[in-house]
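*Asks:* This one is entry.cif, mmCIF, C-alpha atoms.
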```cif
data_start
#
loop_
_atom_site.label_atom_id
_atom_site.label_comp_id
_atom_site.auth_asym_id
_atom_site.auth_seq_id
_atom_site.Cartn_x
_atom_site.Cartn_y
_atom_site.Cartn_z
CA MET A 57 44.39 -73.03 45.94
CA SER A 58 45.29 -69.63 47.38
CA GLY A 59 48.65 -68.59 48.83
CA HIS A 60 52.06 -67.63 47.40
CA PHE A 61 53.24 -70.16 44.86
CA VAL A 62 56.32 -70.52 42.71
CA LEU A 63 55.14 -72.18 39.52
CA THR A 64 57.17 -74.60 37.40
CA SER A 65 57.79 -71.70 35.02
CA GLY A 66 59.51 -69.78 37.85
CA LEU A 67 56.71 -67.21 37.95
CA HIS A 68 55.00 -66.36 41.24
CA SER A 69 51.23 -66.45 41.69
CA ASN A 70 48.66 -66.09 44.44
CA GLN A 71 46.60 -68.94 42.98
CA TYR A 72 47.52 -72.50 42.00
CA ILE A 73 45.62 -75.14 40.10
CA GLU A 74 46.30 -78.68 41.31
CA LYS A 75 45.56 -80.53 38.09
CA PHE A 76 45.89 -83.93 39.74
CA ARG A 77 42.72 -83.24 41.72
CA VAL A 78 40.93 -83.47 38.36
CA LEU A 79 43.16 -86.09 36.74
CA GLU A 80 42.87 -88.49 39.70
CA ASP A 81 39.23 -89.10 38.82
CA PRO A 82 39.09 -91.57 35.89
CA LYS A 83 35.71 -90.22 34.71
CA SER A 84 36.99 -86.63 34.59
CA LEU A 85 40.22 -87.74 32.93
CA LYS A 86 38.23 -89.61 30.29
CA ILE A 87 36.10 -86.54 29.52
CA ILE A 88 39.23 -84.39 29.16
CA CYS A 89 40.93 -86.92 26.89
CA GLU A 90 37.81 -87.41 24.77
CA SER A 91 37.56 -83.63 24.33
CA MET A 92 41.19 -83.34 23.24
CA ALA A 93 40.96 -86.30 20.89
CA GLU A 94 37.78 -84.92 19.29
CA ILE A 95 39.61 -81.73 18.25
CA TYR A 96 42.16 -83.80 16.33
CA SER A 97 39.96 -86.71 15.23
CA ASP A 98 40.37 -85.78 11.54
CA SER A 99 44.14 -85.16 11.74
CA ASN A 100 45.34 -88.75 11.21
CA ILE A 101 47.39 -88.67 14.41
CA ASP A 102 50.01 -91.43 14.62
CA ILE A 103 51.33 -90.77 18.13
CA VAL A 104 50.57 -88.56 21.13
CA VAL A 105 53.45 -86.96 23.06
CA SER A 106 53.53 -85.19 26.41
CA ALA A 107 55.95 -84.13 29.10
CA ALA A 108 56.30 -86.10 32.31
CA ILE A 109 54.76 -86.06 34.86
CA GLY A 110 51.53 -84.17 34.48
CA GLY A 111 51.04 -85.00 30.83
CA ILE A 112 51.53 -88.77 31.09
CA LEU A 113 47.92 -89.55 32.04
CA ILE A 114 46.62 -87.17 29.39
CA SER A 115 48.92 -88.55 26.69
CA SER A 116 47.84 -92.10 27.42
CA GLY A 117 44.15 -91.17 27.58
CA VAL A 118 44.15 -89.15 24.35
CA ALA A 119 46.18 -91.89 22.63
CA ASP A 120 43.58 -94.43 23.75
CA GLN A 121 40.79 -92.30 22.27
CA LEU A 122 42.70 -91.98 18.97
CA ASN A 123 43.77 -95.65 19.00
CA VAL A 124 47.48 -94.82 18.79
CA ASN A 125 50.47 -94.93 21.16
CA GLY A 126 51.10 -92.26 23.76
CA ILE A 127 54.61 -91.48 24.96
CA PHE A 128 56.30 -88.86 27.09
CA ALA A 129 59.52 -86.91 27.34
CA GLU A 130 61.13 -86.47 30.72
CA ARG A 131 63.72 -84.23 32.24
CA VAL A 132 67.14 -85.71 32.98
CA ASN A 133 69.74 -83.37 34.49
CA GLY A 134 67.54 -80.44 33.49
CA GLU A 135 67.23 -81.52 29.85
CA MET A 136 64.04 -82.83 28.24
CA ILE A 137 64.68 -86.14 26.45
CA PHE A 138 62.89 -89.25 25.22
CA LYS A 139 63.94 -92.30 27.23
CA ARG A 140 62.58 -95.79 27.80
CA GLY A 141 63.06 -96.84 24.18
CA PHE A 142 60.39 -94.45 22.91
CA GLN A 143 60.64 -93.90 19.17
CA ILE A 144 58.74 -91.73 16.73
CA LEU A 145 58.79 -92.77 13.10
CA GLU A 146 59.77 -90.27 10.44
CA ASN A 147 56.78 -88.48 8.84
CA SER A 148 54.51 -89.35 11.79
CA ASN A 149 51.62 -87.02 12.59
CA VAL A 150 52.28 -86.04 16.19
CA LEU A 151 49.88 -84.50 18.68
CA VAL A 152 51.49 -82.79 21.68
CA VAL A 153 49.33 -82.67 24.81
CA GLU A 154 49.93 -80.84 28.06
CA ASP A 155 48.15 -80.23 31.33
CA ILE A 156 48.38 -76.56 32.33
CA VAL A 157 50.34 -74.08 30.23
CA THR A 158 51.68 -70.81 31.62
CA THR A 159 54.83 -69.93 29.66
CA GLY A 160 54.80 -72.98 27.38
CA GLY A 161 58.33 -73.97 28.33
CA SER A 162 57.73 -77.73 28.32
CA ILE A 163 55.88 -77.57 25.01
CA LYS A 164 58.71 -75.56 23.46
CA GLU A 165 61.19 -78.19 24.69
CA ILE A 166 59.10 -81.00 23.20
CA ILE A 167 58.84 -79.13 19.89
CA ALA A 168 62.64 -78.79 19.91
CA LEU A 169 62.89 -82.57 20.41
CA LEU A 170 60.40 -83.32 17.64
CA GLU A 171 61.45 -80.95 14.86
CA PRO A 172 64.80 -82.69 14.11
CA LEU A 173 62.94 -86.03 13.81
CA ASN A 174 61.31 -85.00 10.53
CA VAL A 175 57.76 -85.44 11.83
CA ASN A 176 54.59 -83.43 11.31
CA ILE A 177 53.44 -81.70 14.50
CA ALA A 178 49.71 -81.81 13.76
CA GLY A 179 48.80 -79.76 16.81
CA ILE A 180 49.12 -78.97 20.47
CA CYS A 181 46.34 -79.28 23.03
CA SER A 182 46.24 -78.46 26.74
CA LEU A 183 43.78 -78.94 29.54
CA ALA A 184 44.12 -75.28 30.50
CA HIS A 185 46.06 -72.17 29.56
CA ARG A 186 46.76 -69.44 32.06
CA GLY A 187 47.82 -66.04 30.77
CA ASP A 188 48.24 -64.84 27.21
CA ILE A 189 47.88 -67.45 24.48
CA ILE A 190 51.23 -68.47 23.02
CA ASP A 191 52.07 -68.92 19.36
CA PHE A 192 54.04 -72.17 19.26
CA GLY A 193 54.17 -72.16 15.47
CA TYR A 194 51.61 -74.97 15.34
CA LYS A 195 47.84 -75.18 15.84
CA TYR A 196 47.20 -74.82 19.60
CA HIS A 197 43.91 -75.57 21.37
CA PRO A 198 43.57 -75.21 25.14
CA LEU A 199 40.34 -76.75 26.42
CA THR A 200 39.92 -73.77 28.73
CA LYS A 201 41.61 -70.44 29.45
CA ILE A 202 42.10 -69.42 33.06
CA ASN A 203 42.77 -65.84 34.07
CA ILE A 204 45.12 -66.08 37.03
CA GLN A 205 47.77 -63.45 37.56
CA SER A 206 51.45 -64.29 37.82
CA TRP A 207 54.56 -62.20 38.31
CA GLU A 208 58.27 -62.39 37.55
CA GLU A 209 60.43 -62.83 40.65
CA ASN A 210 61.66 -59.23 40.45
CA ASN A 211 58.11 -57.82 40.18
CA ILE A 212 56.18 -59.53 43.00
CA PRO A 213 53.63 -57.27 44.73
CA ASP A 214 54.44 -56.45 48.37
CA TRP A 215 51.23 -58.09 49.62
CA LEU A 216 52.23 -61.37 47.96
CA ASN A 217 55.77 -61.19 49.37
CA ASP A 218 54.20 -61.16 52.86
CA ILE A 219 52.81 -64.69 52.27
CA PRO A 220 55.19 -67.66 52.77
CA ILE A 221 56.18 -69.33 49.48
CA THR A 222 54.92 -72.76 48.51
CA LYS A 223 56.46 -74.54 45.50
CA PRO A 224 53.95 -77.22 44.44
CA GLY A 225 54.87 -80.11 42.18
CA SER A 226 58.34 -80.91 40.90
CA THR A 227 59.51 -81.16 37.32
CA GLY A 228 63.24 -81.38 37.79
CA LYS A 229 63.87 -77.94 36.27
#
```
Any chance you could put this one into structure tokens?
*Replies:*
Amino acid sequence: MSGHFVLTSGLHSNQYIEKFRVLEDPKSLKIICESMAEIYSDSNIDIVVSAAIGGILISSGVADQLNVNGIFAERVNGEMIFKRGFQILENSNVLVVEDIVTTGGSIKEIIALLEPLNVNIAGICSLAHRGDIIDFGYKYHPLTKINIQSWEENNIPDWLNDIPITKPGSTGK
């Protein structure tokens, strides 16, 4: 989509990817999840973890492909936590999945939740990555890289400031 968007990361962009237009189609979702699972098929994954909301479908689909459970963390009062009785056993091999990554903020929050649990983060996979690839300290595989510009709030080009702002999605940040 084209316009002036404030992304979940707080960055501004003139283009926005509505991931749910892809994820709403079960056949497309299955292809995405199969592709992610294939990357980690030899990693002995015990559980797949994502962030709500966008990652829930992906987590469940990848978990199905790997024949393991898929869970998600969600934001409560601005803090990412595991709720709903979700548990991850010590020494589990964990795969973190995400939809679209720009700054990697949600992934970093999930890593911060996982590291104290004494688990092995076997890898991170996303549907798409926009911008420079991030070193999360663990193996990271985006299925695709998208080159879409984004700007900090204090560095927005004048032409973009002339377009009314749209803030798609909502993550509770």
*Asks:* Evaluate the PyMOL selection byres ((chain A and resi 200) around 7) and record the selected residues as a PyMOL selection string, following the chain and residue labels used in the document.
*Replies:* chain A and resi 183-185+198-199+201-202
*Asks:* Expanded to explicit residues, what is the PyMOL selection byres ((chain A and resi 163) around 12) for this file, as an MDAnalysis selection string?
*Replies:* chainID A and resid 65 105:108 111 128:130 136 151:162 164:170 177 179:182 190:194 196
*Asks:* Pull out every residue that the PyMOL selection byres ((chain A and resi 75) around 9) matches in the shown coordinates and put them as a short mmCIF file (atom, residue, chain, number, x, y, z; two decimals) with C-alpha atoms, in the frame of the given file.
*Replies:*
```cif
data_model
loop_
_atom_site.label_atom_id
_atom_site.label_comp_id
_atom_site.auth_asym_id
_atom_site.auth_seq_id
_atom_site.Cartn_x
_atom_site.Cartn_y
_atom_site.Cartn_z
CA ILE A 73 45.62 -75.14 40.10
CA GLU A 74 46.30 -78.68 41.31
CA PHE A 76 45.89 -83.93 39.74
CA ARG A 77 42.72 -83.24 41.72
CA VAL A 78 40.93 -83.47 38.36
CA LEU A 79 43.16 -86.09 36.74
CA GLU A 80 42.87 -88.49 39.70
CA GLY A 110 51.53 -84.17 34.48
CA ASP A 155 48.15 -80.23 31.33
CA ILE A 156 48.38 -76.56 32.33
CA LEU A 183 43.78 -78.94 29.54
#
```
*Asks:* Could you work out how far atom CA of Glu94 of chain A lies from atom CA of Ile204 of chain A, giving the answer in Å with one decimal?
*Replies:*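 Answer for the atom CA of Ile204 of chain A to atom CA of Glu94 of chain A separation: 26.9 Å.
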*Asks:* In Å to one decimal, how far is atom CA of Ser58 of chain A from atom CA of His197 of chain A?
*Replies:*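 Answer for the atom CA of His197 of chain A to atom CA of Ser58 of chain A separation: 26.7 Å.
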*Asks:* Write out as a list in words the residues lying within 8 Å of Glu90 of chain A, counting only C-alpha atoms and excluding same-chain residues fewer than 5 positions away.
*Replies:*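 Counting only C-alpha atoms, the residues come to Gly117, Val118 and Gln121 of chain A.
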